[in-house]
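> The structure file entry.cif (mmCIF, C-alpha atoms) is provided below.
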data_data
loop_
_atom_site.group_PDB
_atom_site.id
_atom_site.type_symbol
_atom_site.label_atom_id
_atom_site.label_comp_id
_atom_site.auth_asym_id
_atom_site.auth_seq_id
_atom_site.Cartn_x
_atom_site.Cartn_y
_atom_site.Cartn_z
ATOM 1 C CA MET A 1 32.843 6.102 -8.730
ATOM 2 C CA ILE A 2 29.391 6.194 -7.155
ATOM 3 C CA THR A 3 29.314 3.681 -4.314
ATOM 4 C CA PRO A 4 26.164 2.748 -2.334
ATOM 5 C CA ARG A 5 27.210 5.249 0.346
ATOM 6 C CA LEU A 6 27.386 8.088 -2.183
ATOM 7 C CA LYS A 7 24.249 6.989 -4.025
ATOM 8 C CA MET A 8 22.321 7.175 -0.757
ATOM 9 C CA ILE A 9 23.378 10.814 -0.399
ATOM 10 C CA LEU A 10 22.508 11.639 -4.001
ATOM 11 C CA ASP A 11 19.056 10.079 -3.632
ATOM 12 C CA HIS A 12 18.176 12.533 -0.846
ATOM 13 C CA ILE A 13 19.465 15.784 -2.343
ATOM 14 C CA THR A 14 16.885 18.474 -2.999
ATOM 15 C CA GLY A 15 17.194 22.233 -3.329
ATOM 16 C CA ASN A 16 18.526 24.874 -5.690
ATOM 17 C CA VAL A 17 22.012 25.673 -4.414
ATOM 18 C CA ILE A 18 23.926 22.691 -3.058
ATOM 19 C CA ALA A 19 27.145 22.940 -1.038
ATOM 20 C CA ASP A 20 29.340 19.904 -0.412
ATOM 21 C CA LEU A 21 31.660 20.636 2.519
ATOM 22 C CA GLY A 22 34.808 18.528 2.591
ATOM 23 C CA THR A 23 34.175 17.448 -0.987
ATOM 24 C CA ASP A 24 37.366 15.369 -1.333
ATOM 25 C CA HIS A 25 37.168 13.974 -4.907
ATOM 26 C CA ALA A 26 34.010 15.986 -5.699
ATOM 27 C CA TYR A 27 32.150 12.867 -6.823
ATOM 28 C CA ILE A 28 28.790 14.158 -5.615
ATOM 29 C CA PRO A 29 29.000 17.677 -7.136
ATOM 30 C CA ILE A 30 30.142 16.110 -10.421
ATOM 31 C CA GLU A 31 27.102 13.815 -10.496
ATOM 32 C CA LEU A 32 24.816 16.724 -9.676
ATOM 33 C CA ALA A 33 26.415 18.825 -12.417
ATOM 34 C CA LYS A 34 25.817 16.036 -14.936
ATOM 35 C CA LYS A 35 22.220 15.712 -13.784
ATOM 36 C CA GLY A 36 21.576 19.457 -14.030
ATOM 37 C CA GLY A 37 18.629 21.448 -12.727
ATOM 38 C CA PHE A 38 20.489 23.275 -9.935
ATOM 39 C CA GLN A 39 21.078 27.002 -9.657
ATOM 40 C CA GLY A 40 24.469 26.535 -8.045
ATOM 41 C CA LEU A 41 26.903 23.842 -6.929
ATOM 42 C CA ILE A 42 29.630 24.616 -4.399
ATOM 43 C CA ALA A 43 32.401 22.220 -3.393
ATOM 44 C CA THR A 44 34.746 23.081 -0.533
ATOM 45 C CA ASP A 45 37.687 21.551 1.266
ATOM 46 C CA VAL A 46 39.865 22.693 4.136
ATOM 47 C CA ARG A 47 43.105 21.571 2.442
ATOM 48 C CA PRO A 48 44.598 22.700 -0.905
ATOM 49 C CA GLY A 49 45.641 19.136 -1.855
ATOM 50 C CA PRO A 50 42.164 17.568 -1.908
ATOM 51 C CA LEU A 51 40.777 20.693 -3.549
ATOM 52 C CA ALA A 52 43.351 20.371 -6.340
ATOM 53 C CA ALA A 53 42.379 16.707 -6.765
ATOM 54 C CA ALA A 54 38.731 17.729 -6.916
ATOM 55 C CA ARG A 55 39.562 20.295 -9.582
ATOM 56 C CA GLU A 56 41.209 17.601 -11.703
ATOM 57 C CA HIS A 57 38.212 15.283 -11.361
ATOM 58 C CA ILE A 58 35.842 18.111 -12.258
ATOM 59 C CA LYS A 59 37.943 19.031 -15.298
ATOM 60 C CA LYS A 60 38.056 15.415 -16.443
ATOM 61 C CA ALA A 61 34.250 15.235 -16.166
ATOM 62 C CA GLY A 62 33.925 18.392 -18.265
ATOM 63 C CA VAL A 63 31.827 20.318 -15.740
ATOM 64 C CA GLU A 64 34.295 23.063 -14.688
ATOM 65 C CA ASP A 65 31.776 25.799 -15.455
ATOM 66 C CA LYS A 66 29.106 24.262 -13.212
ATOM 67 C CA ILE A 67 30.940 23.806 -9.883
ATOM 68 C CA ASP A 68 32.358 26.583 -7.717
ATOM 69 C CA LEU A 69 35.420 25.295 -5.817
ATOM 70 C CA ARG A 70 36.329 27.036 -2.561
ATOM 71 C CA LEU A 71 39.058 26.588 0.029
ATOM 72 C CA GLY A 72 37.982 26.880 3.651
ATOM 73 C CA SER A 73 36.913 25.221 6.866
ATOM 74 C CA GLY A 74 33.356 24.217 7.718
ATOM 75 C CA LEU A 75 30.716 26.773 6.809
ATOM 76 C CA ASP A 76 33.284 29.579 6.432
ATOM 77 C CA PRO A 77 33.378 29.484 2.604
ATOM 78 C CA LEU A 78 29.608 30.018 2.406
ATOM 79 C CA ALA A 79 27.764 33.306 2.690
ATOM 80 C CA GLU A 80 24.679 33.388 4.890
ATOM 81 C CA ASN A 81 21.615 32.094 3.007
ATOM 82 C CA GLU A 82 23.781 31.155 0.014
ATOM 83 C CA ALA A 83 23.105 27.412 -0.037
ATOM 84 C CA ASP A 84 19.757 25.886 0.823
ATOM 85 C CA THR A 85 21.131 22.323 1.021
ATOM 86 C CA VAL A 86 24.454 21.541 2.685
ATOM 87 C CA LEU A 87 26.242 18.194 2.703
ATOM 88 C CA ILE A 88 28.698 17.335 5.493
ATOM 89 C CA CYS A 89 29.736 13.760 4.887
ATOM 90 C CA GLY A 90 32.659 11.448 5.512
ATOM 91 C CA MET A 91 33.645 12.964 8.866
ATOM 92 C CA GLY A 92 33.163 11.991 12.493
ATOM 93 C CA GLY A 93 29.905 12.924 14.180
ATOM 94 C CA ILE A 94 31.629 15.056 16.809
ATOM 95 C CA LEU A 95 33.491 17.018 14.119
ATOM 96 C CA ILE A 96 30.233 17.572 12.219
ATOM 97 C CA SER A 97 28.575 18.949 15.369
ATOM 98 C CA GLU A 98 31.599 21.224 15.934
ATOM 99 C CA ILE A 99 31.297 22.547 12.371
ATOM 100 C CA LEU A 100 27.631 23.390 12.935
ATOM 101 C CA ALA A 101 28.310 24.912 16.355
ATOM 102 C CA SER A 102 31.153 27.078 15.060
ATOM 103 C CA ASP A 103 28.788 29.040 12.806
ATOM 104 C CA LEU A 104 25.333 28.436 14.212
ATOM 105 C CA LYS A 105 23.968 31.635 12.652
ATOM 106 C CA LYS A 106 24.640 30.327 9.132
ATOM 107 C CA ALA A 107 23.523 26.811 10.049
ATOM 108 C CA LYS A 108 20.130 28.073 11.174
ATOM 109 C CA HIS A 109 19.429 29.434 7.677
ATOM 110 C CA VAL A 110 20.144 26.193 5.806
ATOM 111 C CA SER A 111 16.940 24.497 4.659
ATOM 112 C CA LEU A 112 18.390 20.984 4.690
ATOM 113 C CA PHE A 113 21.519 19.345 6.041
ATOM 114 C CA LEU A 114 22.598 15.922 4.806
ATOM 115 C CA LEU A 115 24.970 14.576 7.428
ATOM 116 C CA GLN A 116 26.870 11.311 7.078
ATOM 117 C CA PRO A 117 28.983 10.657 10.177
ATOM 118 C CA MET A 118 31.571 7.880 9.902
ATOM 119 C CA ASN A 119 31.432 7.489 13.685
ATOM 120 C CA GLY A 120 29.937 9.334 16.636
ATOM 121 C CA GLN A 121 26.373 9.034 15.339
ATOM 122 C CA TYR A 122 25.075 9.000 18.912
ATOM 123 C CA GLU A 123 26.896 12.233 19.789
ATOM 124 C CA LEU A 124 25.706 13.953 16.606
ATOM 125 C CA ARG A 125 22.044 13.009 17.109
ATOM 126 C CA LYS A 126 22.218 14.191 20.707
ATOM 127 C CA TRP A 127 23.799 17.518 19.694
ATOM 128 C CA LEU A 128 21.250 18.125 16.924
ATOM 129 C CA ILE A 129 18.249 17.535 19.164
ATOM 130 C CA LYS A 130 19.720 19.535 22.044
ATOM 131 C CA HIS A 131 20.268 22.537 19.746
ATOM 132 C CA SER A 132 16.806 22.442 18.110
ATOM 133 C CA PHE A 133 17.752 20.753 14.840
ATOM 134 C CA LYS A 134 14.942 18.444 13.834
ATOM 135 C CA ILE A 135 15.993 15.056 12.493
ATOM 136 C CA LEU A 136 13.666 14.695 9.524
ATOM 137 C CA GLU A 137 14.724 11.314 8.227
ATOM 138 C CA GLU A 138 17.518 8.760 8.343
ATOM 139 C CA ASP A 139 18.801 6.202 5.873
ATOM 140 C CA ILE A 140 21.275 3.313 5.795
ATOM 141 C CA ALA A 141 23.680 2.012 3.156
ATOM 142 C CA CYS A 142 26.100 -0.912 3.191
ATOM 143 C CA GLU A 143 29.382 -1.485 1.391
ATOM 144 C CA GLY A 144 30.726 -4.911 2.212
ATOM 145 C CA PHE A 145 30.971 -5.135 5.988
ATOM 146 C CA LYS A 146 30.680 -1.364 6.439
ATOM 147 C CA VAL A 147 27.371 0.185 7.461
ATOM 148 C CA TYR A 148 26.757 3.891 6.844
ATOM 149 C CA SER A 149 24.099 6.205 8.265
ATOM 150 C CA LEU A 150 22.665 9.363 6.722
ATOM 151 C CA ILE A 151 20.875 11.995 8.825
ATOM 152 C CA LEU A 152 18.643 14.649 7.251
ATOM 153 C CA ALA A 153 18.094 17.628 9.539
ATOM 154 C CA ARG A 154 17.217 21.301 9.692
ATOM 155 C CA TYR A 155 17.070 23.930 12.402
ATOM 156 C CA GLY A 156 13.971 25.263 14.017
ATOM 157 C CA GLU A 157 11.921 22.591 15.682
ATOM 158 C CA LYS A 158 12.217 21.229 19.198
ATOM 159 C CA GLN A 159 12.210 17.469 19.633
ATOM 160 C CA THR A 160 11.965 15.431 22.780
ATOM 161 C CA MET A 161 15.271 13.783 23.553
ATOM 162 C CA PRO A 162 14.756 10.050 22.919
ATOM 163 C CA CYS A 163 16.038 7.273 25.153
ATOM 164 C CA GLU A 164 19.713 6.339 25.018
ATOM 165 C CA LEU A 165 19.124 3.292 22.844
ATOM 166 C CA SER A 166 17.223 5.343 20.265
ATOM 167 C CA LEU A 167 20.078 7.831 20.085
ATOM 168 C CA HIS A 168 22.285 4.913 19.057
ATOM 169 C CA LEU A 169 19.667 3.037 17.021
ATOM 170 C CA PRO A 170 16.698 5.231 16.037
ATOM 171 C CA GLU A 171 13.344 3.456 16.115
ATOM 172 C CA THR A 172 12.454 5.236 12.874
ATOM 173 C CA LEU A 173 14.897 2.880 11.138
ATOM 174 C CA LEU A 174 13.289 -0.337 12.386
ATOM 175 C CA ALA A 175 11.415 -0.907 9.130
ATOM 176 C CA HIS A 176 14.481 -0.220 6.975
ATOM 177 C CA PRO A 177 15.617 -3.364 5.117
ATOM 178 C CA LEU A 178 19.209 -2.748 6.254
ATOM 179 C CA TYR A 179 18.308 -2.129 9.903
ATOM 180 C CA PRO A 180 19.445 -5.652 10.956
ATOM 181 C CA LYS A 181 22.960 -4.885 9.710
ATOM 182 C CA LEU A 182 23.056 -1.603 11.636
ATOM 183 C CA ARG A 183 21.628 -3.309 14.688
ATOM 184 C CA ASP A 184 24.252 -6.061 14.567
ATOM 185 C CA LYS A 185 27.026 -3.502 14.140
ATOM 186 C CA LYS A 186 25.899 -1.508 17.164
ATOM 187 C CA LYS A 187 25.451 -4.654 19.253
ATOM 188 C CA ARG A 188 29.050 -5.645 18.497
ATOM 189 C CA GLU A 189 30.204 -2.159 19.496
ATOM 190 C CA PHE A 190 28.297 -2.294 22.792
ATOM 191 C CA GLU A 191 29.698 -5.744 23.589
ATOM 192 C CA LYS A 192 33.254 -4.758 22.690
ATOM 193 C CA ILE A 193 33.236 -1.730 24.993
ATOM 194 C CA ARG A 194 31.545 -3.601 27.845
ATOM 195 C CA ASN A 195 33.864 -6.593 27.574
ATOM 196 C CA GLY A 196 36.907 -4.360 27.247
ATOM 197 C CA GLN A 197 36.011 -2.622 30.495
ATOM 198 C CA LYS A 198 35.373 -5.938 32.244
ATOM 199 C CA CYS A 199 38.872 -7.119 31.272
ATOM 200 C CA SER A 200 40.518 -3.844 32.253
ATOM 201 C CA SER A 201 42.836 -3.690 35.258
ATOM 202 C CA CYS A 202 40.755 -0.716 36.401
ATOM 203 C CA PRO A 203 37.232 -1.306 35.058
ATOM 204 C CA ASP A 204 34.792 1.581 34.851
ATOM 205 C CA GLN A 205 31.703 0.091 36.498
ATOM 206 C CA LYS A 206 29.524 2.974 35.354
ATOM 207 C CA GLU A 207 30.457 2.368 31.724
ATOM 208 C CA ILE A 208 29.962 -1.388 32.095
ATOM 209 C CA LEU A 209 26.470 -0.771 33.475
ATOM 210 C CA TYR A 210 25.685 1.723 30.685
ATOM 211 C CA TYR A 211 26.511 -0.686 27.872
ATOM 212 C CA GLN A 212 24.983 -3.672 29.634
ATOM 213 C CA THR A 213 21.760 -1.670 29.959
ATOM 214 C CA LEU A 214 21.855 -0.820 26.246
ATOM 215 C CA LEU A 215 22.317 -4.489 25.378
ATOM 216 C CA SER A 216 19.425 -5.492 27.621
ATOM 217 C CA GLU A 217 17.175 -2.821 26.102
ATOM 218 C CA LEU A 218 18.171 -3.936 22.620
ATOM 219 C CA GLU A 219 17.200 -7.524 23.433
ATOM 220 C CA GLU A 220 13.879 -6.299 24.827
ATOM 221 C CA ARG A 221 13.257 -4.253 21.665
ATOM 222 C CA ASP A 222 14.005 -7.296 19.520
ATOM 223 C CA ARG A 223 11.546 -9.417 21.478
ATOM 224 C CA HIS A 224 8.885 -6.721 21.269
ATOM 225 C CA TYR A 225 9.091 -6.288 17.503
ATOM 226 C CA GLU A 226 9.277 -10.005 16.874
ATOM 227 C CA THR A 227 5.771 -10.278 18.313
ATOM 228 C CA ILE A 228 4.298 -7.516 16.157
#
When written as structure tokens, how does the structure in this file appear?


Amino acid sequence: MITPRLKMILDHITGNVIADLGTDHAYIPIELAKKGGFQGLIATDVRPGPLAAAREHIKKAGVEDKIDLRLGSGLDPLAENEADTVLICGMGGILISEILASDLKKAKHVSLFLLQPMNGQYELRKWLIKHSFKILEEDIACEGFKVYSLILARYGEKQTMPCELSLHLPETLLAHPLYPKLRDKKKREFEKIRNGQKCSSCPDQKEILYYQTLLSELEERDRHYETI
């Protein structure tokens, strides 16, 4: 089943050899196999169970001869320079950064990463920029009350580290039709953490100030763009 979250990923895939790390049900490789036009499709998972489920889905779709299934963690199942486009989706942002860091040599040779962190978007953006991965583009998809981000990146170009607010809510997304939903989600997160600390028996004043500053900057950004 291709949900808005998965369709967003599919809409941004380019390249000749595509690798989907942590493929789970292999929905994306199956769609790519049906579409055709790729030199190779690789689907990996760290656990035998999900890989077996993926194999069943692939068999049911009748594309067994078009997808190479591999068991392994992170970039381990890939040879250097084997895939030009790599998908790492459906994981936390910190885990995604750890996968890239664990085999930086391979990561540097990938032409395009499509990264979809379920959480920890701030930490992932910060890691990418710090380690010279250029964030080329971002996108947003919604499924009910859930808001998903997609980050397109590749190694090899230094970027200036943006302000804290832009690491949480990139200004490049301001014109996106779904930006208000992402903005509201992040505002709720900021308020929840700040209020939680205020109600704590041992409040962290530094954290309270951090999130209060983000909320103030977000309000200032809103006012600024309302006047444009």

> For the interface of range 34-123 of chain A with range 135-145 of chain A (cut-off 12 Å, counting all atoms listed in the file), please tabulate each contacting residue of range 34-123 of chain A alongside its nearest pair of atoms and their separation in Å to one decimal, rows sorted by chain and increasing number, as a tab-separated table.


residue	atom	partner	partner_atom	distance
A:Ser111	CA	A:Leu136	CA	11.4
A:Leu112	CA	A:Leu136	CA	9.2
A:Phe113	CA	A:Ile135	CA	9.5
A:Leu114	CA	A:Glu138	CA	9.5
A:Leu115	CA	A:Glu138	CA	9.5
A:Gln116	CA	A:Asp139	CA	9.6
A:Pro117	CA	A:Ile140	CA	11.5
A:Met118	CA	A:Ala141	CA	11.9
A:Gln121	CA	A:Glu138	CA	11.3

> Would you pick out the contacts of range 205-207 of chain A at 12 Å or less, using all atoms listed in the file, so that residues sharing its chain but fewer than 4 positions from it are not included, and give the list as a short mmCIF file (atom, residue, chain, number, x, y, z; two decimals) with C-alpha atoms, keeping the file's coordinate frame?


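Generated file (part_1.cif):
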data_model
loop_
_atom_site.label_atom_id
_atom_site.label_comp_id
_atom_site.auth_asym_id
_atom_site.auth_seq_id
_atom_site.Cartn_x
_atom_site.Cartn_y
_atom_site.Cartn_z
CA PHE A 190 28.30 -2.29 22.79
CA GLU A 191 29.70 -5.74 23.59
CA LYS A 192 33.25 -4.76 22.69
CA ILE A 193 33.24 -1.73 24.99
CA ARG A 194 31.54 -3.60 27.84
CA ASN A 195 33.86 -6.59 27.57
CA GLY A 196 36.91 -4.36 27.25
CA GLN A 197 36.01 -2.62 30.50
CA LYS A 198 35.37 -5.94 32.24
CA CYS A 199 38.87 -7.12 31.27
CA SER A 200 40.52 -3.84 32.25
CA SER A 201 42.84 -3.69 35.26
CA TYR A 211 26.51 -0.69 27.87
CA GLN A 212 24.98 -3.67 29.63
CA THR A 213 21.76 -1.67 29.96
CA LEU A 214 21.86 -0.82 26.25
#

> Could you list, as a ChimeraX atom specification, every residue matched by the PyMOL selection byres ((chain A and resi 83) around 12) in this structure?

/A:14-21,38-43,75,77-82,84-87,106-113

> Given only C-alpha atoms as the basis, pick out the residue of A:Phe133, A:Ala153, A:His57, A:Trp127 nearest to Ile88 in chain A.

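Selected residue with least distance to Ile88 in chain A: A:Ala153.
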
> CA of Gly72 in chain A to CA of Lys126 in chain A: how many Å, to one decimal?

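Distance between the two atoms: 26.5 Å.
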
> Give the answer as one residue: which of A:Asp11, A:Glu98, A:Glu189, A:Asp65 has the shortest atom-to-atom distance to His168 in chain A, using all atoms listed in the file?

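For His168 in chain A, the nearest of the candidates is A:Glu189.
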
> Between A:Thr3, A:Thr172, A:Thr23, A:Thr44, which is the closest to Met91 in chain A once you count all atoms listed in the file?

A:Thr23

> Using all atoms listed in the file, give me every residue within 9 Å of (25.7, 6.1, 12.9) in file coordinates, as a list in words.

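Taken together, the residues in range are Gly93, Gln116, Pro117, Met118, Asn119, Gly120, Gln121, Tyr122, Leu124, Arg125, Ile140, Val147, Tyr148, Ser149, Leu150, Ile151, His168, Leu169, Leu182 and Lys186 of chain A.
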
> Give me, please, the distance in Å between CA of Ile129 in chain A and CA of Pro180 in chain A, quoted to one decimal.

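Taking CA of Ile129 in chain A and CA of Pro180 in chain A, their separation equals 24.6 Å.
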
> By how many Å are CA of Met8 in chain A and CA of Thr160 in chain A apart?

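Rounded to one decimal, the two atoms are 27.0 Å apart.
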
> Take every atom of range 5-14 of chain A listed in the file, fit an axis-aligned box around them, add 5 Å per side, and give the centre and edge lengths in Å to one decimal as JSON.


{"center_x": 22.1, "center_y": 11.9, "center_z": -1.8, "size_x": 20.5, "size_y": 23.2, "size_z": 14.4}
